[in-house]
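One file, input-v6.txt, carrying compact mmCIF, C-alpha atoms:
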```txt
# COMPACT_ATOMS: atom_id res chain seq x y z
CA MET E 18 26.85 -26.14 10.45
CA ALA E 19 28.95 -24.37 13.07
CA THR E 20 30.39 -22.10 10.36
CA THR E 21 26.99 -21.07 9.02
CA ARG E 22 25.66 -20.56 12.54
CA ALA E 23 28.54 -18.19 13.29
CA ALA E 24 27.99 -16.37 9.98
CA SER E 25 24.30 -15.82 10.65
CA ALA E 26 25.19 -14.11 13.92
CA ASN E 27 27.38 -11.56 12.09
CA ILE E 28 24.49 -9.12 11.66
CA ALA E 29 24.21 -8.57 15.41
CA ARG E 30 27.97 -8.18 15.76
CA MET E 31 28.11 -5.66 12.89
CA ILE E 32 25.28 -3.63 14.41
CA ASN E 33 27.09 -3.53 17.73
CA SER E 34 30.39 -2.51 16.18
CA GLU E 35 28.99 -0.28 13.39
CA ASP E 36 31.73 -1.70 11.17
CA ILE E 37 30.05 -1.58 7.77
CA ASN E 38 33.24 -2.55 5.98
CA GLN E 39 32.98 -6.04 7.51
CA ILE E 40 29.80 -6.73 5.60
CA PRO E 41 30.53 -9.12 2.74
CA ALA E 42 29.29 -8.24 -0.72
CA ASN E 43 27.05 -11.27 -0.79
CA LYS E 44 25.46 -12.17 2.57
CA ALA E 45 23.31 -14.97 1.24
CA HIS E 46 24.98 -17.39 3.62
CA ILE E 47 23.35 -15.55 6.53
CA LEU E 48 20.10 -17.07 5.43
CA ARG E 49 21.22 -20.65 5.82
CA PRO E 50 19.53 -23.72 4.35
CA ARG E 51 17.55 -26.06 6.59
CA THR E 52 18.39 -29.65 7.35
CA ALA E 53 15.84 -32.41 6.87
CA ALA E 54 15.34 -32.78 10.62
CA GLN E 55 14.76 -29.05 11.07
CA ALA E 56 12.38 -28.86 8.12
CA SER E 57 10.20 -31.51 9.71
CA GLN E 58 9.88 -29.48 12.89
CA ARG E 59 8.46 -26.28 11.43
CA ASN E 60 7.69 -24.59 8.14
CA THR E 61 10.25 -21.92 7.23
CA LEU E 62 12.25 -20.07 4.60
CA GLY E 63 11.69 -21.64 1.20
CA ASP E 64 8.23 -22.87 2.16
CA ILE E 65 7.13 -19.54 3.58
CA GLY E 66 5.46 -16.86 1.51
CA ASN E 67 2.31 -16.18 -0.41
CA ARG E 68 1.37 -19.79 -1.07
CA VAL E 69 -1.94 -19.27 -2.79
CA SER E 70 -0.98 -21.64 -5.59
CA SER E 71 -0.50 -24.51 -3.15
CA ILE E 72 -4.06 -24.41 -1.83
CA ASN E 73 -6.18 -27.33 -3.03
CA ILE E 74 -9.93 -26.84 -2.95
CA SER E 75 -11.86 -30.11 -2.67
CA GLU E 76 -14.55 -30.89 -5.18
CA GLY E 77 -17.24 -30.95 -2.56
CA THR E 78 -18.07 -31.56 1.01
CA LYS E 79 -18.86 -35.01 2.36
CA LYS E 80 -22.54 -34.33 2.73
CA GLY E 81 -23.70 -31.73 0.32
CA GLY E 82 -21.17 -31.76 -2.49
CA ILE E 83 -20.27 -28.47 -4.17
CA ILE E 84 -21.84 -25.49 -2.50
CA THR E 85 -23.74 -23.38 -4.98
CA LYS E 86 -25.28 -20.00 -4.59
CA GLU E 87 -29.06 -20.07 -4.62
CA ILE E 88 -30.52 -17.47 -6.94
CA ILE E 89 -33.88 -16.07 -5.96
CA LYS E 90 -35.80 -15.08 -9.03
CA PRO E 91 -37.86 -11.91 -8.83
CA ALA E 92 -41.58 -12.00 -9.36
CA GLN E 93 -42.61 -11.96 -12.97
CA LYS E 94 -44.92 -9.01 -12.61
CA ALA E 95 -45.19 -6.45 -9.85
CA LEU E 96 -48.61 -5.46 -8.61
CA VAL E 97 -49.37 -1.83 -9.33
CA LYS E 98 -52.21 0.02 -7.63
CA SER E 99 -53.52 2.47 -10.20
CA LYS E 100 -56.58 3.83 -8.36
CA ALA E 101 -57.39 4.51 -4.77
CA THR E 102 -60.44 2.75 -3.38
CA VAL E 103 -63.22 4.38 -1.44
CA SER E 104 -62.65 4.31 2.31
CA LEU E 105 -65.29 2.99 4.71
CA ARG E 106 -65.70 6.41 6.19
CA ALA E 107 -66.38 7.89 2.75
CA LEU E 108 -69.22 5.42 2.23
CA ALA E 109 -70.78 6.34 5.57
CA GLU E 110 -70.21 10.11 5.35
CA PRO E 111 -70.78 11.61 1.92
CA ASN E 112 -69.00 14.92 2.78
CA VAL E 113 -65.64 13.37 3.73
CA GLN E 114 -62.76 14.96 1.83
CA GLU E 115 -59.72 13.07 0.64
CA GLN E 116 -56.22 14.53 0.90
CA ASP E 117 -53.33 14.17 -1.47
CA ALA E 118 -50.94 11.44 -0.34
CA PHE E 119 -47.88 13.47 -1.29
CA ARG E 120 -48.64 17.12 -0.34
CA PHE E 121 -51.24 19.26 1.29
CA MET E 122 -54.05 20.36 -1.06
CA GLU E 123 -57.13 22.52 -0.96
CA PRO E 124 -60.36 20.73 0.13
CA ALA E 125 -61.69 18.56 -2.67
CA PRO E 126 -65.33 18.42 -3.79
CA PRO E 127 -67.66 16.10 -1.83
CA VAL E 128 -67.29 12.44 -2.67
CA SER E 129 -70.38 10.40 -3.43
CA LYS E 130 -70.96 6.93 -2.05
CA THR E 131 -70.56 5.30 -5.41
CA THR E 132 -67.64 7.23 -6.93
CA ALA E 133 -64.09 6.02 -6.30
CA VAL E 134 -61.50 8.64 -5.49
CA VAL E 135 -58.49 8.68 -7.82
CA LEU E 136 -55.40 10.05 -6.08
CA PRO E 137 -53.08 12.12 -8.25
CA GLN E 138 -49.98 10.11 -9.13
CA GLN E 139 -46.55 11.48 -8.23
CA THR E 140 -44.43 12.22 -11.24
CA VAL E 141 -40.85 11.00 -10.90
CA PRO E 142 -38.32 12.50 -13.32
CA ALA E 143 -36.34 10.02 -15.40
CA PRO E 144 -32.71 9.51 -14.27
CA MET E 145 -30.30 11.73 -16.14
CA ASP E 146 -27.30 10.22 -17.85
CA THR E 147 -24.49 12.03 -16.01
CA SER E 148 -21.52 10.35 -17.67
CA GLU E 149 -21.10 12.95 -20.39
CA ALA E 150 -22.01 15.77 -18.02
CA GLU E 151 -19.35 14.69 -15.51
CA VAL E 152 -16.64 14.45 -18.17
CA GLU E 153 -17.55 17.87 -19.53
CA ALA E 154 -17.52 19.41 -16.06
CA PHE E 155 -14.17 17.75 -15.29
CA SER E 156 -12.58 19.06 -18.48
CA LYS E 157 -13.84 22.59 -17.83
CA ALA E 158 -12.56 22.64 -14.24
CA LEU E 159 -9.11 21.23 -15.17
CA PHE E 160 -8.32 22.35 -18.69
CA ASN E 161 -5.15 20.34 -19.35
CA VAL E 162 -5.80 17.45 -16.95
CA GLN E 163 -7.09 14.12 -18.22
CA ASP E 164 -9.67 12.11 -16.31
CA ILE E 165 -7.72 8.87 -15.86
CA ASP E 166 -10.72 7.11 -14.30
CA VAL E 167 -13.24 7.79 -17.05
CA ASN E 168 -12.95 4.25 -18.46
CA ASP E 169 -13.12 2.50 -15.07
CA LYS E 170 -16.76 3.14 -14.21
CA ASP E 171 -17.79 -0.42 -15.13
CA ASN E 172 -15.10 -2.00 -12.93
CA PRO E 173 -16.24 -2.01 -9.30
CA GLN E 174 -12.78 -3.02 -8.06
CA LEU E 175 -11.28 0.26 -9.24
CA VAL E 176 -13.90 2.33 -7.33
CA SER E 177 -13.61 5.20 -9.78
CA GLU E 178 -16.24 7.22 -7.93
CA TYR E 179 -14.22 7.23 -4.69
CA VAL E 180 -10.59 6.81 -5.77
CA ASN E 181 -9.73 10.50 -5.57
CA ASP E 182 -11.28 10.76 -2.11
CA ILE E 183 -9.30 7.69 -1.03
CA TYR E 184 -5.99 9.21 -2.09
CA ASN E 185 -6.86 12.52 -0.45
CA TYR E 186 -7.46 10.61 2.78
CA MET E 187 -4.15 8.79 2.37
CA ARG E 188 -2.39 12.16 2.24
CA VAL E 189 -4.12 13.06 5.48
CA LEU E 190 -2.85 9.81 7.04
CA GLU E 191 0.78 10.37 6.02
CA SER E 192 0.69 13.74 7.77
CA LYS E 193 -1.08 12.17 10.76
CA TYR E 194 1.69 9.58 11.26
CA PRO E 195 4.91 11.47 10.44
CA ILE E 196 8.48 10.35 11.08
CA LYS E 197 10.68 13.01 12.60
CA LYS E 198 13.88 14.13 10.97
CA ALA E 199 17.00 12.84 12.76
CA TYR E 200 14.87 11.10 15.37
CA LEU E 201 17.84 8.98 16.51
CA ASP E 202 19.72 11.98 17.89
CA GLY E 203 20.58 11.30 21.52
CA GLN E 204 19.89 7.56 21.26
CA GLU E 205 22.30 4.66 21.45
CA ILE E 206 21.24 3.59 17.96
CA SER E 207 22.84 5.42 15.02
CA GLY E 208 21.92 5.85 11.38
CA LYS E 209 24.63 3.37 10.35
CA MET E 210 23.20 0.69 12.63
CA ARG E 211 19.76 1.28 11.15
CA ALA E 212 21.18 0.99 7.61
CA ILE E 213 22.86 -2.34 8.41
CA LEU E 214 19.64 -3.71 9.90
CA ILE E 215 17.46 -2.68 6.95
CA ASP E 216 19.92 -4.03 4.39
CA TRP E 217 19.73 -7.38 6.20
CA LEU E 218 15.91 -7.20 6.39
CA CYS E 219 15.80 -6.70 2.61
CA GLN E 220 17.49 -10.09 2.26
CA VAL E 221 15.17 -11.70 4.80
CA HIS E 222 12.19 -10.25 2.93
CA HIS E 223 13.48 -11.64 -0.36
CA ARG E 224 14.19 -15.04 1.22
CA PHE E 225 10.69 -15.30 2.64
CA HIS E 226 9.14 -14.28 -0.74
CA LEU E 227 7.01 -11.60 0.89
CA LEU E 228 5.05 -8.81 -0.79
CA GLN E 229 6.67 -5.46 -1.52
CA GLU E 230 4.16 -3.76 0.78
CA THR E 231 5.42 -5.89 3.66
CA LEU E 232 8.95 -4.53 3.33
CA TYR E 233 7.88 -0.88 3.24
CA LEU E 234 5.50 -1.36 6.15
CA SER E 235 8.24 -3.10 8.17
CA ILE E 236 10.56 -0.12 7.76
CA ALA E 237 7.76 2.31 8.65
CA ILE E 238 7.01 0.36 11.84
CA ILE E 239 10.69 0.36 12.83
CA ASP E 240 11.06 4.13 12.37
CA ARG E 241 7.78 5.01 14.05
CA TYR E 242 8.56 2.78 17.03
CA LEU E 243 12.17 3.91 17.53
CA GLN E 244 11.24 7.59 17.55
CA PHE E 245 8.96 6.95 20.55
CA SER E 246 10.77 4.08 22.30
CA PRO E 247 14.59 4.17 22.18
CA VAL E 248 16.19 0.73 22.49
CA THR E 249 19.68 -0.55 23.09
CA ARG E 250 21.79 -1.80 20.21
CA THR E 251 21.37 -5.39 21.43
CA LYS E 252 17.60 -5.09 20.90
CA LEU E 253 17.70 -3.41 17.47
CA GLN E 254 17.61 -6.65 15.50
CA LEU E 255 14.73 -7.82 17.70
CA VAL E 256 12.78 -4.68 16.76
CA GLY E 257 13.54 -5.38 13.09
CA VAL E 258 12.31 -8.98 12.93
CA THR E 259 9.29 -8.22 15.11
CA SER E 260 8.30 -5.32 12.85
CA MET E 261 8.47 -7.61 9.84
CA LEU E 262 6.36 -10.17 11.69
CA ILE E 263 3.67 -7.52 12.33
CA ALA E 264 3.85 -6.24 8.76
CA SER E 265 3.48 -9.81 7.45
CA LYS E 266 0.35 -10.31 9.52
CA TYR E 267 -1.01 -7.03 8.19
CA GLU E 268 -0.23 -7.56 4.48
CA GLU E 269 0.32 -11.25 3.75
CA MET E 270 -2.23 -13.99 3.23
CA TYR E 271 0.15 -16.52 4.84
CA ALA E 272 2.62 -14.85 7.19
CA PRO E 273 5.81 -16.52 8.48
CA GLU E 274 5.62 -18.04 11.94
CA VAL E 275 7.36 -16.67 15.01
CA ALA E 276 9.68 -19.72 14.97
CA ASP E 277 10.86 -18.72 11.49
CA PHE E 278 12.08 -15.37 12.77
CA VAL E 279 13.75 -17.11 15.72
CA TYR E 280 15.56 -19.30 13.22
CA ILE E 281 16.54 -16.46 10.89
CA THR E 282 18.27 -14.68 13.79
CA ASP E 283 20.18 -17.87 14.65
CA ASN E 284 18.36 -18.11 17.99
CA ALA E 285 19.64 -14.73 19.10
CA TYR E 286 16.17 -14.08 20.49
CA SER E 287 13.62 -16.48 21.88
CA LYS E 288 10.02 -16.86 20.79
CA LYS E 289 8.90 -15.27 24.04
CA GLU E 290 11.08 -12.20 23.47
CA ILE E 291 9.63 -11.67 19.98
CA LEU E 292 6.06 -11.94 21.28
CA GLN E 293 6.80 -9.49 24.10
CA MET E 294 8.32 -7.01 21.65
CA GLU E 295 5.30 -7.46 19.37
CA GLY E 296 2.96 -6.43 22.19
CA ASP E 297 5.16 -3.44 23.05
CA ILE E 298 5.20 -2.21 19.43
CA LEU E 299 1.43 -2.62 19.09
CA ARG E 300 0.78 -0.64 22.25
CA THR E 301 3.31 2.08 21.40
CA LEU E 302 1.81 2.65 17.94
CA ASN E 303 -1.74 2.29 19.28
CA PHE E 304 -2.46 -0.52 16.77
CA SER E 305 -2.36 2.07 13.96
CA PHE E 306 -0.62 0.78 10.84
CA GLY E 307 -2.57 2.66 8.19
CA ARG E 308 0.25 5.01 7.22
CA PRO E 309 0.30 4.86 3.39
CA LEU E 310 3.28 3.48 1.51
CA CYS E 311 5.26 4.78 -1.46
CA LEU E 312 3.94 1.94 -3.59
CA HIS E 313 0.36 3.12 -3.17
CA PHE E 314 1.13 6.54 -4.59
CA LEU E 315 3.47 5.21 -7.30
CA ARG E 316 0.74 3.03 -8.78
CA ARG E 317 -1.58 6.01 -9.02
CA ASN E 318 1.13 8.20 -10.54
CA SER E 319 2.13 5.53 -13.07
CA LYS E 320 -1.48 5.32 -14.20
CA ALA E 321 -1.69 9.09 -14.56
CA GLY E 322 1.52 9.18 -16.58
CA GLN E 323 0.68 6.06 -18.65
CA VAL E 324 4.24 4.83 -18.15
CA ASP E 325 5.60 1.48 -19.24
CA ALA E 326 6.97 -1.32 -17.06
CA ASN E 327 10.59 -0.14 -17.30
CA LYS E 328 9.80 3.32 -15.95
CA HIS E 329 7.64 1.89 -13.20
CA THR E 330 10.35 -0.61 -12.17
CA LEU E 331 13.09 2.02 -12.19
CA ALA E 332 10.92 4.20 -9.96
CA LYS E 333 10.50 1.25 -7.58
CA TYR E 334 14.27 0.81 -7.47
CA LEU E 335 14.79 4.49 -6.68
CA MET E 336 12.17 4.32 -3.94
CA GLU E 337 13.72 1.25 -2.37
CA LEU E 338 17.11 2.93 -2.20
CA THR E 339 15.56 5.48 0.16
CA ILE E 340 14.54 2.97 2.84
CA VAL E 341 18.20 2.35 3.77
CA GLU E 342 19.02 6.06 3.84
CA TYR E 343 18.56 7.51 7.32
CA ASP E 344 18.61 11.10 6.02
CA MET E 345 15.35 10.48 4.13
CA VAL E 346 13.19 9.01 6.89
CA HIS E 347 11.20 12.25 7.23
CA TYR E 348 10.22 12.48 3.55
CA SER E 349 6.53 11.78 2.94
CA PRO E 350 5.71 8.64 0.92
CA SER E 351 3.76 10.62 -1.70
CA GLU E 352 6.72 12.95 -2.31
CA ILE E 353 9.19 10.07 -2.69
CA ALA E 354 6.87 8.27 -5.12
CA ALA E 355 6.37 11.37 -7.28
CA ALA E 356 10.08 12.25 -7.35
CA ALA E 357 11.08 8.66 -8.18
CA LEU E 358 8.74 8.48 -11.16
CA CYS E 359 9.75 11.93 -12.37
CA LEU E 360 13.44 11.00 -12.28
CA SER E 361 12.71 7.67 -13.94
CA MET E 362 10.94 9.42 -16.82
CA LYS E 363 13.79 11.90 -17.23
CA LEU E 364 16.45 9.20 -17.38
CA LEU E 365 14.75 6.72 -19.72
CA ASP E 366 13.21 8.93 -22.41
CA LYS E 367 13.24 12.51 -21.05
CA SER E 368 9.47 12.52 -20.65
CA GLN E 369 7.84 15.64 -19.27
CA TRP E 370 6.05 15.90 -15.93
CA THR E 371 2.63 16.82 -17.31
CA GLU E 372 -0.17 18.77 -15.65
CA THR E 373 -2.07 15.50 -15.30
CA LEU E 374 0.79 14.03 -13.26
CA ALA E 375 1.12 17.20 -11.21
CA HIS E 376 -2.62 17.11 -10.46
CA TYR E 377 -2.89 13.48 -9.39
CA SER E 378 0.42 13.41 -7.51
CA SER E 379 -0.25 16.89 -6.00
CA TYR E 380 3.39 17.86 -6.73
CA PRO E 381 4.60 20.15 -9.54
CA GLU E 382 8.02 19.34 -10.98
CA LYS E 383 9.63 22.45 -9.51
CA GLU E 384 8.64 21.37 -6.00
CA LEU E 385 10.03 17.86 -6.59
CA MET E 386 13.46 18.97 -7.80
CA PRO E 387 15.28 18.86 -4.40
CA THR E 388 13.97 15.33 -3.80
CA ILE E 389 14.94 14.29 -7.34
CA GLN E 390 18.49 15.51 -6.73
CA LYS E 391 18.62 13.55 -3.48
CA LEU E 392 17.50 10.38 -5.27
CA ALA E 393 20.19 10.91 -7.91
CA SER E 394 22.82 11.15 -5.19
CA LEU E 395 21.62 7.84 -3.72
CA VAL E 396 22.10 6.13 -7.09
CA VAL E 397 25.66 7.43 -7.35
CA LYS E 398 26.33 6.48 -3.73
CA SER E 399 25.04 2.93 -4.21
CA GLU E 400 27.78 2.15 -6.74
CA ASN E 401 30.42 2.07 -3.98
CA SER E 402 28.27 1.18 -0.99
CA LYS E 403 28.86 -1.95 1.08
CA LEU E 404 25.09 -2.31 1.55
CA THR E 405 24.19 -4.01 -1.71
CA ALA E 406 20.93 -5.85 -0.98
CA VAL E 407 18.67 -3.48 -2.94
CA ARG E 408 21.02 -3.08 -5.90
CA THR E 409 21.57 -6.84 -6.11
CA LYS E 410 17.85 -7.49 -5.92
CA TYR E 411 17.08 -5.20 -8.85
CA ALA E 412 19.94 -6.62 -10.89
CA SER E 413 17.93 -9.83 -11.42
CA SER E 414 15.92 -10.54 -14.55
CA LYS E 415 12.71 -10.43 -12.53
CA PHE E 416 13.19 -6.66 -12.26
CA PHE E 417 14.52 -6.24 -15.83
CA LYS E 418 18.07 -5.82 -14.42
CA ILE E 419 17.07 -2.22 -13.90
CA SER E 420 19.90 -1.41 -11.47
CA THR E 421 22.49 -2.17 -14.18
CA ILE E 422 21.13 -0.04 -17.03
CA PRO E 423 23.58 2.50 -18.53
CA GLU E 424 21.16 5.39 -17.89
CA LEU E 425 22.07 5.20 -14.19
CA LYS E 426 25.63 6.22 -15.06
CA CYS E 427 24.81 9.06 -17.44
CA GLN E 428 26.11 12.59 -17.00
CA GLU E 429 22.65 14.04 -16.41
CA LEU E 430 22.22 11.88 -13.31
CA LYS E 431 25.65 12.89 -12.01
CA ASP E 432 24.81 16.57 -12.53
CA LEU E 433 21.60 16.17 -10.53
CA ALA E 434 23.47 14.34 -7.78
CA ALA E 435 26.08 17.11 -7.59
CA LYS E 436 23.32 19.66 -6.88
CA ALA E 437 21.96 17.69 -3.93
CA SER E 438 22.49 19.54 -0.68
```
Can you present the structure in this file as structure tokens?
Amino acid sequence: MATTRAASANIARMINSEDINQIPANKAHILRPRTAAQASQRNTLGDIGNRVSSINISEGTKKGGIITKEIIKPAQKALVKSKATVSLRALAEPNVQEQDAFRFMEPAPPVSKTTAVVLPQQTVPAPMDTSEAEVEAFSKALFNVQDIDVNDKDNPQLVSEYVNDIYNYMRVLESKYPIKKAYLDGQEISGKMRAILIDWLCQVHHRFHLLQETLYLSIAIIDRYLQFSPVTRTKLQLVGVTSMLIASKYEEMYAPEVADFVYITDNAYSKKEILQMEGDILRTLNFSFGRPLCLHFLRRNSKAGQVDANKHTLAKYLMELTIVEYDMVHYSPSEIAAAALCLSMKLLDKSQWTETLAHYSSYPEKELMPTIQKLASLVVKSENSKLTAVRTKYASSKFFKISTIPELKCQELKDLAAKAS
């Protein structure tokens, strides 16, 4: 136990010393197993995660049994008033004139006491079927662009009527919450320290079985916070675990507890310190965590390109390599997602970046080329890097062993990497 406790404290020592070469190839022992006594005290590690499958819904309550939704049936026949009746004033005064209920009219002839006045009925035009009209208008406006949402109109979860507006707003948000280039200049923290921390957080994220969105949001919170509030190197790991705690609360259905993050740092920080840092991060970022993630844009781009699972997974691997790279913190999420998918298509089957992809991603291939070359250089660099968490993760069968495919060692990729500035 003393050996594993000392090993789990290595991450703080390596951050302080910036000695990346001391990082072992496999740091799984940092995330130590729990003893039976510790497991009884609090829920952690293997039991933490998205535990939807473990929820048991009882067959009914004690009093009322299964709760059912009451359906109110509409009336069988609606009452329709076809003719207007004679008003009391019309019966008393034979020269009273009725007015149209919908618009002003010229004075009508005198109404007798015995004749009922029939008001002219408003004619309502029948609703026009706009489905074909919308498709035709879309095809005329964008000649070579396919409407990828045309078959989603019957699925309310895909919100086909608003999806383009949603993604336009997400592009506004990514420009509203930017991350500055080289924001660590002049701080005690360096890019190497940040890389060590994020490589370790990738393992913590995998150990906790958290969602992919949680990892990307954690990194975004770290970068956005550090560019406004510089911290000492002794507090960097505290910022990392607290950012993942906030991201878990934002994304997960069942987030890890504060005590789990105290444990995963080998008691380097107390529960009180994590809660204090949480409040500081929330106030610094003004409780704004809506900055979009690369995954959001990649899913849209993959739908526009009609790509298969291998291309989508390779693009995810390329995107995840960027979160460790300090030189790419200022790249927008939409640009990284588009470049990753474009490179993935080039490597696997040399697919073309179509006008449909350029339209929905908002990036033509020519504009993406510098980012594509940068991604290629990251793949080449990862082969000899000491930070192996991402590459090891995508070498598993769950991700189709995508980080080990021969296409990532082809000459075309090396040529692109050589052109990266």
Item to complete: Extract, using all atoms listed in the file, all DNA, RNA and protein residues at most 10 Å from region 388-405 of chain E, discarding same-chain residues fewer than 3 positions from it, and format them as an MDAnalysis selection string.
Response: chainID E and resid 37:44 212:213 215:217 219:220 334:336 338:339 341:342 344:345 348 352:353 355:361 382:385 408:410 420 425:426 429:438
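Across the structure, CA of Tyr194 (chain E) and CA of Tyr267 (chain E) are spaced 17.1 Å apart.
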Discussion item. Taking (19.1, -3.4, 24.0) as a centre in this file's frame and 12 Å as the limit, can you find every polymer residue with an atom that close, using only C-alpha atoms, and give them as a ChimeraX atom specification?
Written reply: /E:29,32-33,204-206,243,246-256,286,290,294
With C-alpha atoms retained, could you export that selection as a short mmCIF file (atom, residue, chain, number, x, y, z; two decimals), in the frame of the given file?
```cif
data_model
loop_
_atom_site.label_atom_id
_atom_site.label_comp_id
_atom_site.auth_asym_id
_atom_site.auth_seq_id
_atom_site.Cartn_x
_atom_site.Cartn_y
_atom_site.Cartn_z
CA ALA E 29 24.21 -8.57 15.41
CA ILE E 32 25.28 -3.63 14.41
CA ASN E 33 27.09 -3.53 17.73
CA GLN E 204 19.89 7.56 21.26
CA GLU E 205 22.30 4.66 21.45
CA ILE E 206 21.24 3.59 17.96
CA LEU E 243 12.17 3.91 17.53
CA SER E 246 10.77 4.08 22.30
CA PRO E 247 14.59 4.17 22.18
CA VAL E 248 16.19 0.73 22.49
CA THR E 249 19.68 -0.55 23.09
CA ARG E 250 21.79 -1.80 20.21
CA THR E 251 21.37 -5.39 21.43
CA LYS E 252 17.60 -5.09 20.90
CA LEU E 253 17.70 -3.41 17.47
CA GLN E 254 17.61 -6.65 15.50
CA LEU E 255 14.73 -7.82 17.70
CA VAL E 256 12.78 -4.68 16.76
CA TYR E 286 16.17 -14.08 20.49
CA GLU E 290 11.08 -12.20 23.47
CA MET E 294 8.32 -7.01 21.65
#
```
Fill in: Among the residues E:Leu331, E:Ala272, E:Ala199, E:Leu302, the one that comes closest to Leu315 (chain E) [using only C-alpha atoms]
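Of E:Leu331, E:Ala272, E:Ala199, E:Leu302, the one nearest Leu315 (chain E) is E:Leu331, counting only C-alpha atoms.
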Starting from 3 Å padding per side, set up an axis-aligned box that covers all listed atoms of region 325-335 of chain E and hand over centre and edge lengths in Å, one decimal, as AutoDock Vina command-line options.
```
--center_x 10.2 --center_y 1.6 --center_z -13.0 --size_x 15.2 --size_y 11.8 --size_z 18.6
```
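Residue nearest Ala412 (chain E) within the list E:Leu175, E:Thr330, E:Ser235, E:Lys363: E:Thr330 [criterion: smallest interatomic distance, all atoms listed in the file].
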Discussion item. Considering all atoms listed in the file, can you say which of E:Arg316, E:Arg308, E:Arg241, E:Arg224 comes closest to Pro273 (chain E)?
Written reply: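 When distances to Pro273 (chain E) are compared using all atoms listed in the file, the smallest one comes from E:Arg224.
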Worksheet item: Could you state the separation of CA of Ala326 (chain E) and CA of Asn168 (chain E) in Å, given to one decimal place?
Response: 20.7 Å
Fill in: d(CA of Lys198 (chain E), CA of Ile236 (chain E)) in Å
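Distance reported for this atom pair: 15.0 Å.
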Generate N, CA and C atoms for region 230-243 of chain E and emit them as a PDB file, keeping the file's coordinate frame.
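As a result, rebuild30.pdb now contains:
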```pdb
ATOM      1  N   GLU E 230       4.786  -4.576  -0.267  1.00  0.00           N
ATOM      2  CA  GLU E 230       4.160  -3.760   0.780  1.00  0.00           C
ATOM      3  C   GLU E 230       4.668  -4.141   2.166  1.00  0.00           C
ATOM      4  N   THR E 231       4.955  -5.423   2.359  1.00  0.00           N
ATOM      5  CA  THR E 231       5.420  -5.890   3.660  1.00  0.00           C
ATOM      6  C   THR E 231       6.758  -5.271   4.030  1.00  0.00           C
ATOM      7  N   LEU E 232       7.647  -5.127   3.057  1.00  0.00           N
ATOM      8  CA  LEU E 232       8.950  -4.530   3.330  1.00  0.00           C
ATOM      9  C   LEU E 232       8.810  -3.066   3.727  1.00  0.00           C
ATOM     10  N   TYR E 233       8.042  -2.306   2.943  1.00  0.00           N
ATOM     11  CA  TYR E 233       7.880  -0.880   3.240  1.00  0.00           C
ATOM     12  C   TYR E 233       7.186  -0.672   4.581  1.00  0.00           C
ATOM     13  N   LEU E 234       6.200  -1.495   4.868  1.00  0.00           N
ATOM     14  CA  LEU E 234       5.500  -1.360   6.150  1.00  0.00           C
ATOM     15  C   LEU E 234       6.425  -1.733   7.308  1.00  0.00           C
ATOM     16  N   SER E 235       7.285  -2.720   7.120  1.00  0.00           N
ATOM     17  CA  SER E 235       8.240  -3.100   8.170  1.00  0.00           C
ATOM     18  C   SER E 235       9.143  -1.931   8.528  1.00  0.00           C
ATOM     19  N   ILE E 236       9.669  -1.251   7.511  1.00  0.00           N
ATOM     20  CA  ILE E 236      10.560  -0.120   7.760  1.00  0.00           C
ATOM     21  C   ILE E 236       9.799   1.016   8.446  1.00  0.00           C
ATOM     22  N   ALA E 237       8.557   1.245   8.029  1.00  0.00           N
ATOM     23  CA  ALA E 237       7.760   2.310   8.650  1.00  0.00           C
ATOM     24  C   ALA E 237       7.502   2.005  10.124  1.00  0.00           C
ATOM     25  N   ILE E 238       7.239   0.745  10.443  1.00  0.00           N
ATOM     26  CA  ILE E 238       7.010   0.360  11.840  1.00  0.00           C
ATOM     27  C   ILE E 238       8.275   0.566  12.667  1.00  0.00           C
ATOM     28  N   ILE E 239       9.426   0.191  12.107  1.00  0.00           N
ATOM     29  CA  ILE E 239      10.690   0.360  12.830  1.00  0.00           C
ATOM     30  C   ILE E 239      10.925   1.836  13.157  1.00  0.00           C
ATOM     31  N   ASP E 240      10.785   2.703  12.157  1.00  0.00           N
ATOM     32  CA  ASP E 240      11.060   4.130  12.370  1.00  0.00           C
ATOM     33  C   ASP E 240      10.055   4.756  13.327  1.00  0.00           C
ATOM     34  N   ARG E 241       8.789   4.426  13.169  1.00  0.00           N
ATOM     35  CA  ARG E 241       7.780   5.010  14.050  1.00  0.00           C
ATOM     36  C   ARG E 241       7.958   4.540  15.490  1.00  0.00           C
ATOM     37  N   TYR E 242       8.374   3.301  15.670  1.00  0.00           N
ATOM     38  CA  TYR E 242       8.560   2.780  17.030  1.00  0.00           C
ATOM     39  C   TYR E 242       9.807   3.381  17.683  1.00  0.00           C
ATOM     40  N   LEU E 243      10.918   3.439  16.939  1.00  0.00           N
ATOM     41  CA  LEU E 243      12.170   3.910  17.530  1.00  0.00           C
ATOM     42  C   LEU E 243      12.114   5.383  17.896  1.00  0.00           C
TER      43      LEU E 243
END
```
